[in-house]
Structures are given as C-alpha cells and as structure tokens.
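Student: Coordinates in entry-v1.txt, compact mmCIF, C-alpha atoms, are listed below.
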```
# COMPACT_ATOMS: atom_id res chain seq x y z
CA MET A 6 105.20 79.17 94.35
CA GLN A 7 107.19 79.31 91.17
CA VAL A 8 108.43 82.72 90.07
CA SER A 9 110.27 83.74 86.92
CA MET A 10 111.89 87.09 86.35
CA THR A 11 114.78 88.73 84.60
CA VAL A 12 117.58 89.83 86.92
CA ASN A 13 120.40 91.86 85.39
CA ARG A 14 119.39 90.67 81.91
CA ARG A 15 119.43 86.99 82.98
CA ALA A 16 116.25 84.89 83.19
CA VAL A 17 115.80 83.18 86.55
CA THR A 18 113.16 80.80 87.87
CA ALA A 19 112.79 79.62 91.46
CA ASP A 20 110.36 78.14 93.92
CA VAL A 21 109.70 80.58 96.78
CA GLU A 22 107.43 80.98 99.79
CA PRO A 23 104.92 83.83 99.31
CA ARG A 24 106.46 85.60 102.31
CA MET A 25 109.95 85.75 100.80
CA LEU A 26 110.90 89.38 100.21
CA LEU A 27 112.51 90.39 96.94
CA VAL A 28 115.70 91.45 98.75
CA HIS A 29 116.08 87.99 100.30
CA PHE A 30 115.42 86.39 96.93
CA LEU A 31 118.18 88.47 95.34
CA ARG A 32 120.69 87.94 98.15
CA GLU A 33 120.00 84.38 99.26
CA GLU A 34 118.60 82.62 96.19
CA LEU A 35 120.69 84.40 93.59
CA GLY A 36 123.73 85.32 95.70
CA LEU A 37 123.49 88.97 94.63
CA THR A 38 124.60 90.51 97.92
CA GLY A 39 125.29 93.94 96.43
CA THR A 40 121.75 94.90 97.40
CA HIS A 41 121.94 95.67 101.11
CA ILE A 42 119.44 95.23 103.93
CA GLY A 43 119.44 98.28 106.18
CA CYS A 44 116.50 99.40 108.25
CA GLU A 45 113.97 96.73 107.21
CA THR A 46 111.17 99.28 107.59
CA SER A 47 111.12 100.95 104.15
CA TYR A 48 112.96 104.03 105.38
CA CYS A 49 116.64 103.76 104.51
CA GLY A 50 116.66 102.74 100.84
CA ALA A 51 119.81 100.55 101.07
CA CYS A 52 117.79 97.78 99.35
CA THR A 53 116.79 99.93 96.35
CA VAL A 54 116.70 98.14 92.98
CA LEU A 55 114.98 98.93 89.70
CA VAL A 56 111.79 96.94 89.04
CA ASP A 57 110.62 97.44 85.48
CA GLY A 58 112.73 100.58 85.38
CA ARG A 59 111.40 102.16 88.58
CA THR A 60 113.27 102.45 91.87
CA THR A 61 111.79 100.10 94.44
CA LYS A 62 112.64 99.19 98.03
CA SER A 63 113.20 95.45 97.63
CA CYS A 64 112.65 94.87 101.37
CA THR A 65 109.06 96.03 100.89
CA MET A 66 108.16 93.89 97.92
CA LEU A 67 107.41 90.18 97.83
CA ALA A 68 109.39 88.05 95.40
CA VAL A 69 106.05 86.73 94.08
CA GLN A 70 105.02 90.29 93.19
CA ALA A 71 108.09 90.48 90.94
CA ASP A 72 107.00 87.47 88.89
CA GLY A 73 107.47 88.45 85.24
CA ALA A 74 109.34 91.66 86.10
CA GLU A 75 112.68 92.97 84.96
CA ILE A 76 115.02 93.63 87.89
CA LEU A 77 118.23 95.61 87.79
CA THR A 78 120.58 95.54 90.79
CA VAL A 79 123.89 97.29 91.37
CA GLU A 80 125.68 94.18 90.01
CA GLY A 81 123.99 94.72 86.65
CA LEU A 82 125.21 98.28 86.11
CA ALA A 83 128.79 97.78 84.94
CA GLN A 84 129.07 96.20 81.51
CA ASP A 85 132.12 94.86 79.69
CA GLY A 86 134.36 95.91 82.56
CA GLN A 87 133.17 99.51 82.23
CA LEU A 88 131.66 101.18 85.30
CA HIS A 89 128.25 102.83 84.88
CA PRO A 90 128.63 106.66 84.89
CA VAL A 91 126.93 106.82 88.32
CA GLN A 92 129.41 104.29 89.74
CA GLU A 93 132.24 106.26 88.16
CA GLY A 94 130.84 109.46 89.69
CA PHE A 95 130.82 107.95 93.19
CA TRP A 96 134.46 106.86 92.64
CA GLU A 97 135.63 110.19 91.17
CA ARG A 98 133.83 112.47 93.63
CA HIS A 99 134.21 110.38 96.81
CA GLY A 100 130.46 109.79 97.06
CA LEU A 101 130.84 107.27 99.87
CA GLN A 102 132.51 106.67 103.19
CA CYS A 103 131.47 103.38 104.81
CA GLY A 104 129.67 102.25 101.64
CA TYR A 105 126.64 100.67 103.27
CA CYS A 106 124.08 102.94 101.63
CA THR A 107 126.00 103.12 98.36
CA PRO A 108 124.33 100.38 96.26
CA GLY A 109 120.86 101.76 97.04
CA MET A 110 122.04 105.33 96.61
CA ILE A 111 123.53 104.47 93.21
CA MET A 112 120.34 102.73 92.06
CA SER A 113 118.25 105.73 93.13
CA ALA A 114 120.59 108.01 91.21
CA VAL A 115 120.27 105.77 88.12
CA GLY A 116 116.46 105.95 88.46
CA LEU A 117 116.57 109.72 88.90
CA LEU A 118 118.80 110.32 85.87
CA GLN A 119 116.58 108.13 83.69
CA GLU A 120 113.72 110.52 84.33
CA ASN A 121 115.66 113.77 84.55
CA ALA A 122 118.89 113.98 82.56
CA ASN A 123 119.79 117.44 83.83
CA PRO A 124 118.65 117.72 87.46
CA THR A 125 119.33 120.78 89.61
CA GLU A 126 121.05 120.30 92.97
CA ASP A 127 117.63 120.64 94.62
CA GLU A 128 116.13 117.99 92.34
CA ILE A 129 119.03 115.64 93.13
CA ARG A 130 118.59 116.14 96.88
CA HIS A 131 114.84 115.48 96.64
CA GLY A 132 115.46 112.62 94.20
CA ILE A 133 117.47 110.71 96.81
CA GLU A 134 115.10 111.54 99.70
CA GLY A 135 114.30 107.82 100.03
CA ASN A 136 117.94 106.92 100.74
CA LEU A 137 119.64 107.60 104.05
CA CYS A 138 123.40 108.05 104.46
CA ARG A 139 124.81 108.37 107.97
CA CYS A 140 128.41 109.20 106.97
CA THR A 141 128.77 111.70 104.18
CA GLY A 142 126.23 114.40 104.94
CA TYR A 143 125.19 113.80 101.32
CA HIS A 144 127.44 116.55 99.94
CA ASN A 145 129.74 114.38 97.84
CA ILE A 146 126.86 112.10 96.84
CA VAL A 147 125.20 115.10 95.21
CA ARG A 148 128.50 115.97 93.49
CA ALA A 149 128.84 112.35 92.31
CA ILE A 150 125.38 112.42 90.76
CA GLU A 151 126.13 115.78 89.09
CA TYR A 152 129.29 114.17 87.67
CA ALA A 153 127.29 111.21 86.33
CA ALA A 154 124.56 113.44 84.89
CA ALA A 155 127.15 115.45 82.94
CA LYS A 156 128.88 112.29 81.72
CA MET A 157 125.60 110.76 80.57
CA ARG A 158 124.76 113.94 78.64
CA GLY A 159 128.16 113.67 76.94
CA GLU A 160 129.47 116.77 78.72
CA GLU A 161 132.61 117.40 80.73
CA PRO A 162 131.78 116.93 84.45
CA PRO A 163 132.40 119.94 86.70
CA PRO A 164 135.87 119.78 88.31
CA PRO A 165 136.10 118.36 91.85
CA GLU A 166 135.68 121.00 94.53
CA TRP A 167 139.15 120.32 95.92
CA GLU A 168 140.56 121.68 92.63
CA HIS A 169 138.50 124.88 92.70
CA GLU A 170 140.71 127.97 92.77
CA GLU A 171 138.72 129.59 95.55
CA VAL A 172 139.28 126.53 97.73
CA ILE A 173 143.03 126.70 97.13
CA ALA A 174 143.07 130.45 97.70
CA MET B 1 112.32 90.42 108.87
CA TYR B 2 109.93 87.88 107.47
CA PRO B 3 106.17 88.17 107.75
CA ARG B 4 104.35 85.14 109.19
CA SER B 5 103.45 82.56 106.55
CA PHE B 6 100.44 83.33 104.39
CA ASP B 7 98.80 82.16 101.20
CA TYR B 8 99.08 84.44 98.20
CA ILE B 9 96.92 84.80 95.16
CA ALA B 10 97.03 87.28 92.29
CA PRO B 11 93.64 86.95 90.58
CA ALA B 12 93.05 88.21 87.05
CA SER B 13 89.66 89.81 87.74
CA LEU B 14 87.85 91.75 90.47
CA GLU B 15 85.15 89.05 90.64
CA ASP B 16 87.78 86.44 91.47
CA ALA B 17 89.46 88.77 93.98
CA VAL B 18 86.19 89.42 95.83
CA ARG B 19 85.38 85.68 95.90
CA GLU B 20 88.83 84.87 97.34
CA LEU B 21 88.36 87.53 100.04
CA GLY B 22 85.02 85.95 101.01
CA ASN B 23 86.47 82.45 101.26
CA ALA B 24 89.31 83.27 103.65
CA GLU B 25 89.23 83.56 107.43
CA PHE B 26 91.40 86.70 107.42
CA ALA B 27 92.37 88.09 104.05
CA LYS B 28 93.94 91.43 103.10
CA VAL B 29 93.87 93.21 99.75
CA MET B 30 97.26 94.32 98.43
CA ALA B 31 97.86 96.84 95.64
CA GLY B 32 101.32 98.41 95.95
CA GLY B 33 101.91 96.88 99.39
CA MET B 34 103.54 100.03 100.82
CA SER B 35 101.29 100.04 103.91
CA LEU B 36 100.51 96.33 104.15
CA ILE B 37 103.97 94.76 103.81
CA PRO B 38 105.62 96.85 106.59
CA LEU B 39 102.76 95.93 108.97
CA MET B 40 103.14 92.26 108.06
CA LYS B 41 106.93 92.39 108.53
CA LEU B 42 106.46 93.91 111.98
CA ARG B 43 103.85 91.17 112.58
CA LEU B 44 101.30 93.75 113.60
CA LEU B 45 99.14 92.14 110.93
CA SER B 46 99.21 88.46 109.94
CA PRO B 47 96.58 87.65 107.33
CA ASP B 48 95.99 84.04 106.22
CA LEU B 49 95.63 85.20 102.65
CA VAL B 50 96.99 88.14 100.65
CA VAL B 51 94.90 88.94 97.58
CA ASP B 52 97.21 90.87 95.22
CA ILE B 53 95.06 92.99 92.89
CA GLY B 54 98.21 94.26 91.13
CA ARG B 55 97.68 92.08 88.06
CA ILE B 56 94.05 93.02 87.40
CA GLY B 57 93.70 95.04 84.20
CA GLY B 58 91.89 98.35 83.79
CA LEU B 59 92.51 99.75 87.28
CA GLY B 60 95.54 101.92 86.53
CA GLU B 61 93.87 104.91 84.89
CA ILE B 62 92.95 108.45 85.88
CA GLU B 63 89.83 109.20 83.82
CA ASP B 64 87.90 112.40 83.27
CA THR B 65 84.26 111.41 82.77
CA GLY B 66 82.97 114.97 82.41
CA ASP B 67 81.29 115.40 85.79
CA HIS B 68 83.91 113.65 87.86
CA LEU B 69 87.46 112.38 87.89
CA SER B 70 87.98 108.67 88.43
CA ILE B 71 91.17 107.38 90.07
CA GLY B 72 91.52 103.60 89.64
CA ALA B 73 92.75 101.22 92.33
CA LEU B 74 96.19 100.80 90.76
CA VAL B 75 96.98 104.47 90.10
CA ARG B 76 100.33 105.04 91.82
CA HIS B 77 101.19 108.08 93.95
CA ARG B 78 103.66 109.16 91.24
CA ASP B 79 100.86 109.19 88.64
CA THR B 80 98.49 111.15 90.88
CA ALA B 81 101.30 113.57 91.74
CA SER B 82 102.21 114.26 88.11
CA SER B 83 98.67 114.38 86.70
CA ASP B 84 97.47 117.65 85.17
CA VAL B 85 93.80 116.86 85.81
CA VAL B 86 93.91 115.87 89.50
CA PRO B 87 92.92 118.81 91.81
CA THR B 88 95.81 120.56 93.52
CA ALA B 89 95.02 119.27 97.04
CA LEU B 90 95.31 115.62 96.05
CA ARG B 91 98.25 116.25 93.74
CA GLN B 92 100.21 117.93 96.53
CA ALA B 93 99.25 115.22 99.01
CA ALA B 94 100.43 112.51 96.58
CA SER B 95 103.69 114.32 95.82
CA TRP B 96 104.55 114.49 99.55
CA THR B 97 103.62 110.88 100.33
CA GLY B 98 106.55 108.66 101.38
CA ASP B 99 109.58 109.02 99.13
CA VAL B 100 110.39 108.39 95.46
CA GLN B 101 110.48 104.60 95.85
CA VAL B 102 107.24 104.51 97.87
CA ARG B 103 105.50 106.75 95.33
CA ASN B 104 106.67 104.45 92.53
CA ARG B 105 104.71 101.51 93.97
CA GLY B 106 102.14 102.80 96.47
CA THR B 107 98.64 103.61 95.24
CA THR B 108 96.29 106.49 96.01
CA CYS B 109 93.37 104.10 96.62
CA GLY B 110 95.58 101.95 98.87
CA ALA B 111 96.60 104.94 100.99
CA VAL B 112 92.95 105.97 101.34
CA ALA B 113 91.77 102.43 102.17
CA HIS B 114 94.52 102.15 104.81
CA ALA B 115 92.84 105.15 106.53
CA ASP B 116 95.91 106.28 108.47
CA VAL B 117 95.31 109.59 110.24
CA ALA B 118 98.93 110.60 109.54
CA ALA B 119 98.76 109.85 105.80
CA ASP B 120 98.26 112.74 103.39
CA GLN B 121 95.75 111.52 100.86
CA PRO B 122 92.70 110.86 103.11
CA ALA B 123 92.39 114.54 104.09
CA ALA B 124 92.62 115.54 100.42
CA VAL B 125 89.80 113.23 99.30
CA LEU B 126 87.69 114.43 102.26
CA ALA B 127 88.21 118.09 101.35
CA LEU B 128 87.43 117.36 97.70
CA GLY B 129 84.18 115.61 98.68
CA ALA B 130 85.14 112.41 96.85
CA THR B 131 83.11 109.22 96.67
CA MET B 132 84.71 105.83 97.29
CA VAL B 133 83.54 103.05 95.00
CA ALA B 134 83.75 99.60 96.61
CA ARG B 135 83.27 96.25 94.96
CA GLY B 136 81.87 93.45 97.12
CA PRO B 137 80.09 90.09 96.68
CA SER B 138 76.73 91.80 96.10
CA GLY B 139 78.04 94.37 93.64
CA ILE B 140 79.16 97.97 93.76
CA ARG B 141 78.66 100.33 96.70
CA GLU B 142 79.31 104.07 96.71
CA ILE B 143 80.57 105.48 100.02
CA PRO B 144 80.76 109.26 100.54
CA SER B 145 84.14 110.35 101.93
CA ASP B 146 82.35 111.84 104.98
CA GLU B 147 81.33 108.28 105.98
CA PHE B 148 84.46 106.45 104.82
CA PHE B 149 86.93 107.10 107.65
CA VAL B 150 85.49 105.34 110.69
CA ASP B 151 88.29 105.17 113.26
CA ALA B 152 92.08 104.72 113.56
CA LEU B 153 93.20 102.64 110.54
CA THR B 154 89.57 101.67 110.01
CA SER B 155 87.51 102.47 106.93
CA ALA B 156 83.90 101.69 106.08
CA LEU B 157 85.04 98.90 103.74
CA ALA B 158 83.79 95.41 104.64
CA PRO B 159 86.45 92.65 104.83
CA ASP B 160 85.27 91.28 101.46
CA GLU B 161 85.11 94.65 99.71
CA ILE B 162 87.78 96.25 97.50
CA LEU B 163 88.15 99.99 96.95
CA THR B 164 88.22 100.01 93.15
CA GLU B 165 87.94 103.71 92.40
CA ILE B 166 87.89 107.18 93.94
CA ARG B 167 85.51 109.62 92.25
CA ILE B 168 86.24 113.30 92.65
CA PRO B 169 83.39 115.59 91.64
CA LYS B 170 84.38 118.41 89.28
CA ARG B 171 82.94 121.36 91.13
CA GLY B 172 85.44 124.05 90.17
CA GLY B 173 86.93 126.34 92.79
CA GLY B 174 90.42 125.91 94.17
CA SER B 175 92.09 123.45 96.51
CA ALA B 176 95.34 122.96 98.39
CA TYR B 177 97.09 120.71 100.90
CA ASP B 178 99.86 121.61 103.32
CA LYS B 179 101.62 119.66 106.06
CA LEU B 180 104.53 119.60 108.43
CA GLY B 181 106.39 116.32 107.97
CA ARG B 182 107.97 114.43 110.86
CA ARG B 183 111.41 115.08 109.36
CA GLY B 184 110.60 118.72 108.66
CA GLY B 185 109.31 120.37 105.50
CA HIS B 186 107.03 118.02 103.65
CA THR B 187 109.09 114.88 104.26
CA ASP B 188 107.69 111.77 105.96
CA TYR B 189 104.28 111.25 107.55
CA ALA B 190 102.55 114.43 108.69
CA VAL B 191 102.78 115.65 112.27
CA ALA B 192 99.76 117.65 111.17
CA GLY B 193 98.35 118.79 107.86
CA ALA B 194 95.25 120.28 106.28
CA ALA B 195 93.46 120.09 102.94
CA ALA B 196 91.04 122.76 101.78
CA TRP B 197 88.65 123.26 98.89
CA VAL B 198 86.75 126.51 98.28
CA THR B 199 84.53 128.15 95.69
CA VAL B 200 84.34 131.92 95.28
CA SER B 201 81.65 133.99 93.58
CA ASP B 202 81.39 137.79 93.38
CA GLY B 203 84.16 138.13 95.94
CA ALA B 204 82.47 135.89 98.51
CA VAL B 205 83.32 132.36 99.63
CA THR B 206 80.28 130.32 98.56
CA ASP B 207 81.34 126.83 99.67
CA ALA B 208 84.27 125.26 101.53
CA ARG B 209 85.51 121.94 102.83
CA VAL B 210 88.51 121.59 105.15
CA ALA B 211 90.00 118.33 106.46
CA LEU B 212 92.80 117.52 108.89
CA THR B 213 95.71 115.06 108.84
CA GLY B 214 97.44 113.75 111.96
CA VAL B 215 95.36 115.58 114.55
CA GLY B 216 92.65 113.25 115.88
CA THR B 217 92.21 109.47 115.67
CA LYS B 218 91.14 109.56 112.03
CA PRO B 219 91.18 111.86 109.00
CA GLU B 220 88.25 114.21 109.55
CA LEU B 221 86.52 117.38 108.47
CA ALA B 222 87.18 120.61 110.34
CA ARG B 223 83.51 121.56 110.27
CA ALA B 224 83.77 124.69 112.42
CA ALA B 225 86.45 126.16 110.14
CA MET B 226 84.34 125.29 107.08
CA GLU B 227 81.29 127.08 108.47
CA ALA B 228 83.40 130.04 109.55
CA ILE B 229 84.88 130.77 106.11
CA VAL B 230 81.68 130.39 104.02
CA GLY B 231 79.94 133.72 103.42
CA THR B 232 83.05 135.78 104.18
CA ASP B 233 85.14 137.73 101.68
CA GLY B 234 87.99 135.25 102.14
CA SER B 235 90.30 138.03 103.34
CA GLU B 236 93.38 137.36 105.43
CA GLY B 237 91.39 138.22 108.55
CA ALA B 238 88.54 135.89 107.61
CA VAL B 239 90.97 133.03 106.92
CA ARG B 240 92.71 133.66 110.23
CA ALA B 241 89.41 133.67 112.12
CA ALA B 242 88.31 130.42 110.44
CA SER B 243 91.65 128.70 111.06
CA GLU B 244 91.42 129.56 114.78
CA ARG B 245 88.49 127.10 114.86
CA ALA B 246 90.46 124.29 113.14
CA THR B 247 90.11 121.72 115.91
CA GLU B 248 86.75 122.81 117.34
CA GLY B 249 84.68 119.65 117.96
CA ILE B 250 87.68 117.37 117.31
CA THR B 251 89.51 115.41 120.01
CA VAL B 252 93.18 116.19 119.44
CA ILE B 253 95.40 113.22 120.27
CA GLU B 254 98.96 113.46 121.58
CA ASP B 255 101.50 111.16 119.93
CA LEU B 256 105.29 110.74 119.70
CA TYR B 257 105.49 113.75 117.40
CA GLY B 258 103.53 116.35 119.29
CA SER B 259 101.55 117.29 122.38
CA VAL B 260 97.90 118.27 122.23
CA GLU B 261 98.88 121.95 122.48
CA TYR B 262 101.44 121.68 119.68
CA LYS B 263 99.11 119.76 117.36
CA THR B 264 96.26 122.17 118.02
CA HIS B 265 98.55 125.06 117.10
CA LEU B 266 99.86 123.26 113.99
CA ALA B 267 96.33 122.44 112.83
CA LYS B 268 95.48 126.15 112.87
CA VAL B 269 98.63 127.03 110.93
CA MET B 270 97.98 124.33 108.33
CA VAL B 271 94.31 125.26 107.89
CA ARG B 272 95.31 128.89 107.42
CA ARG B 273 97.90 127.96 104.78
CA ALA B 274 95.65 125.49 102.95
CA LEU B 275 92.72 127.93 102.87
CA THR B 276 94.95 130.78 101.70
CA GLN B 277 96.38 128.72 98.84
CA ALA B 278 92.98 127.28 97.88
CA LEU B 279 91.47 130.78 97.78
CA THR B 280 94.33 132.03 95.59
CA GLU B 281 93.67 129.19 93.15
CA ALA B 282 89.89 129.73 93.24
CA ARG B 283 90.32 133.42 92.39
CA SER B 284 92.80 132.84 89.55
```
Go ahead and render the structure in this file as structure tokens.
Tutor:
Amino acid sequence: MQVSMTVNRRAVTADVEPRMLLVHFLREELGLTGTHIGCETSYCGACTVLVDGRTTKSCTMLAVQADGAEILTVEGLAQDGQLHPVQEGFWERHGLQCGYCTPGMIMSAVGLLQENANPTEDEIRHGIEGNLCRCTGYHNIVRAIEYAAAKMRGEEPPPPEWEHEEVIA
Amino acid sequence: MYPRSFDYIAPASLEDAVRELGNAEFAKVMAGGMSLIPLMKLRLLSPDLVVDIGRIGGLGEIEDTGDHLSIGALVRHRDTASSDVVPTALRQAASWTGDVQVRNRGTTCGAVAHADVAADQPAAVLALGATMVARGPSGIREIPSDEFFVDALTSALAPDEILTEIRIPKRGGGSAYDKLGRRGGHTDYAVAGAAAWVTVSDGAVTDARVALTGVGTKPELARAAMEAIVGTDGSEGAVRAASERATEGITVIEDLYGSVEYKTHLAKVMVRRALTQALTEARS
C-alpha cells in the first residue's frame, strides 16, 4: 500500500506492507534510527514519537495508520544547529546514562511540555509514566525536564543540584 | 516483532466497514489499535483483514443528548479522562488506563469491546448501567451492559458488528472507580478494581450498582454487594458490610498477580473505597 506522511517537516511517500509498524518504517525505510525499539510490547516507550502532535508508541501503530499524518521524531527536534530545550536539559542536567530510553523520554517530555508549560514534579513523573529507564532512577530526567520547562517559559532554569549550597555543606 | 500478513482497509463509512467485516473469513475492527496490535504482534491473533474505523467521520464526540451521554467509537481515553460531563467512575477509569501514549490513541469503546477483565473501563460502564450500541449488517442493536460481557475477552458483539457508541443514562447520584495497578498505585492493568454508582434520597441509599475488575473471568456486577447497600443509610458500617460480600456468587480466578485469597481481599477493599467515594459524590 502507498502511504504519504510528513516526517520531521519533510514529505515522504513509500510502498509498505500493511503489517509494517511505524517504528520500522521510520528506522528501515527512512533511516531515522534515533527512534529506538525496546520492549516491543507497548510498555517501555523507547519508540515514542509525536503523531499529529501527540505522543505515540510507534511500535504499536501501523505505518498505514499514519498515512496523511505529521510525524516528529527526535531527529526533527534540533533546528539550525540549535538543540531543542528538552535536549539541552538532558545534556545540562545529566538526564541519561546508557541513553537507550533517551529519544523516547525526550519525545514524551516534548509532548508533556506542549500541554503543560509549568508542570510540578509530580506531573512530570506521571507525564513520563509511559517511558521506562533502567539506569537513572528517573531523578535527573525529572531535573532535565524542569530545566527545559523553565527555558521554554523564558525563565532561568534552577541551578543543578550539585551546585546547591546545602549539598556542598 | 511483525504481525502475520493481513489485508488492511480504512473505509470512509460505517456501512462500508460492516460490509467488509461480513466479506472476510476472519476480520477484526481496529480503532486506536492499543489492544489489537499487541495481540497481533505476539501472534495470539492473526486476522485476515483489519478494518480500520479510524478514518470514519462523526465518531469522535462525547455528546449530551439530555437523557443520556453518548461516547462515540473514536473517543480516546484522554478525551474521556478530561471530559467534564463523563461520570466520575468512567473518567477515573479512563485516566488510569495504560499510560499517556496509550491514552492518546486508545479508545473507550475499543477498551470495552476488547472485554478484558483486567481493563478499567468495562467495570465503569457496567456500574453506570450503560447501553452498547452496535452496528451490523441488519442495522443497529442496543445491548445492555449486563449482557455485553460474555466471557474472557469475549463480548456479545457478532463478528460483523461494530461498537459505535456507548450510551450512559443520566440518572444522577454519584459514582467512583478505584483499583490497585500491577505496578502499584493506579499504574498498569488492575490486579483488582471496583466501580460503583449510587443514588441517595432522604439519607437512604435508593439504588446502587457495583462492578469488579480483574477478579473473575470477565468484568461483572457484584450483585450481593449491590443488594446489601440499597436501603441502608450508607454509613461506614453499611459500606463495610456490603463490601464484605464483594465476591459472593463470583468465581474468583488466580492469576500471575494474585491468589484467590488475595484477590478476594482486594475486591472487598476496592468495593469499600468505590462505594465510599460514590456516596460522598452522591451526597454533595
């Protein structure tokens, strides 16, 4: 079947089998391997992309379902050599260790901040409930998203915890 | 993980969708695909044809018709969860279904049609006394929720019928849903859960419906608890006495997440919580 969609602001058309999953389409047809395949059972969220602006597990969507849709993957976040604030937050606040969950985690954070520009820590933790990380314990991921939220509101991000006076004392 | 090969069609109308279902040897209806695609990837289900109703217009609305609320086949969990007209029991059930990404795509009607005993929304529609509206080759059929859930993952829908709408009667009162998720709190499928709906008049409970998630083979009414709470003053003692009868007449099934004893205990706790919250809402 022929499908056409917009991926990272670029129109693409391809002939696919109905059973091809969106994540395979992105990785194998388009070479966009930033979107990871993790658990394959809709649990881990490593394959999260935005479909028409909403976070979606691309391992649980057929490419044919995305016909006509607008897709945004982690490769489409940085523009003109400038990292997206969420990417910058993960860099500045050490929001990753092995990095496997990171593309999905970043896309979920982007989706969350689109809907809630000023989330509480609790809202951030619930907002990334569909993304599993087996390294970090989530702590620095939450800090990274807080950093990005502040940046996107045009505010000064809170200082990193390792510079807090009470930590030094 | 690829599903087995299948044909795919995304018809523009319900008439076309029903006709396609009738023409295939083994066809499945897909809305959001959050239940169907995982089963197909695991090859537990291998339909010849997937009929994607996701492009049919007019199915994505929650409508208040005056005497009932209509939830269309393409209303997503996120829309049900954030609605200010959907009764509390179904709103809570929708807000605790899956995770953000699953709620962005999965539909309330799809979750109900899938008829999973561990899913949250079937118990809520049972407690709210909803009616399922199915479209088939010979027209529209209304199925009361009490007759809809037939067995494990089996609803009363015929293979060539589509659940197009859930109708929730507007009967006042209060409702609630509570669960214990497999990953603790409200996260993941329910180990056990309960939905309750009650009406109160002059300090007495005049009507009640209570339904269980994750306890037996299918979502079902806790009839003994319902009978026990009606006619009482809805006090803490009355709620406790009714919840003690949560699984009376129901065959509790052990699974990976709990023994019969544990699930029986949890069912009582969840019925007590759901009834307490529903009564609070009914009195407010």
Student: Between A:Thr18, A:Gln87, A:Asn136, A:Asn145, which is the closest to A:Ala74 once you count only C-alpha atoms?
Tutor: A:Thr18
Student: Between atom CA of B:Ile250 and atom CA of B:Gly216, what is the spacing in Å?
Tutor: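 Going from atom CA of B:Gly216 over to atom CA of B:Ile250, I get 6.6 Å.
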Student: What's the 10 Å shell around B:Thr65, counting all atoms listed in the file, without same-chain residues fewer than 4 positions away, as an MDAnalysis selection string?
Tutor: chainID B and resid 69:70 167 169:170
Student: Once you have the residues from the selection above, write them out as a short mmCIF file (atom, residue, chain, number, x, y, z; two decimals), keeping the file's coordinate frame, restricted to C-alpha atoms.
Tutor:
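The resulting file, result.cif, is shown below:
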```cif
data_model
loop_
_atom_site.label_atom_id
_atom_site.label_comp_id
_atom_site.auth_asym_id
_atom_site.auth_seq_id
_atom_site.Cartn_x
_atom_site.Cartn_y
_atom_site.Cartn_z
CA LEU B 69 87.46 112.38 87.89
CA SER B 70 87.98 108.67 88.43
CA ARG B 167 85.51 109.62 92.25
CA PRO B 169 83.39 115.59 91.64
CA LYS B 170 84.38 118.41 89.28
#
```
Student: Which one of A:Leu88, A:Ile76, A:Ala51, A:Leu137 sits closest to A:Thr11 if you count only C-alpha atoms?
Tutor: A:Ile76
Student: In Å, how far is it from atom CA of B:Glu61 to atom CA of B:Thr80?
Tutor: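 Between atom CA of B:Glu61 and atom CA of B:Thr80 the gap is 9.8 Å.
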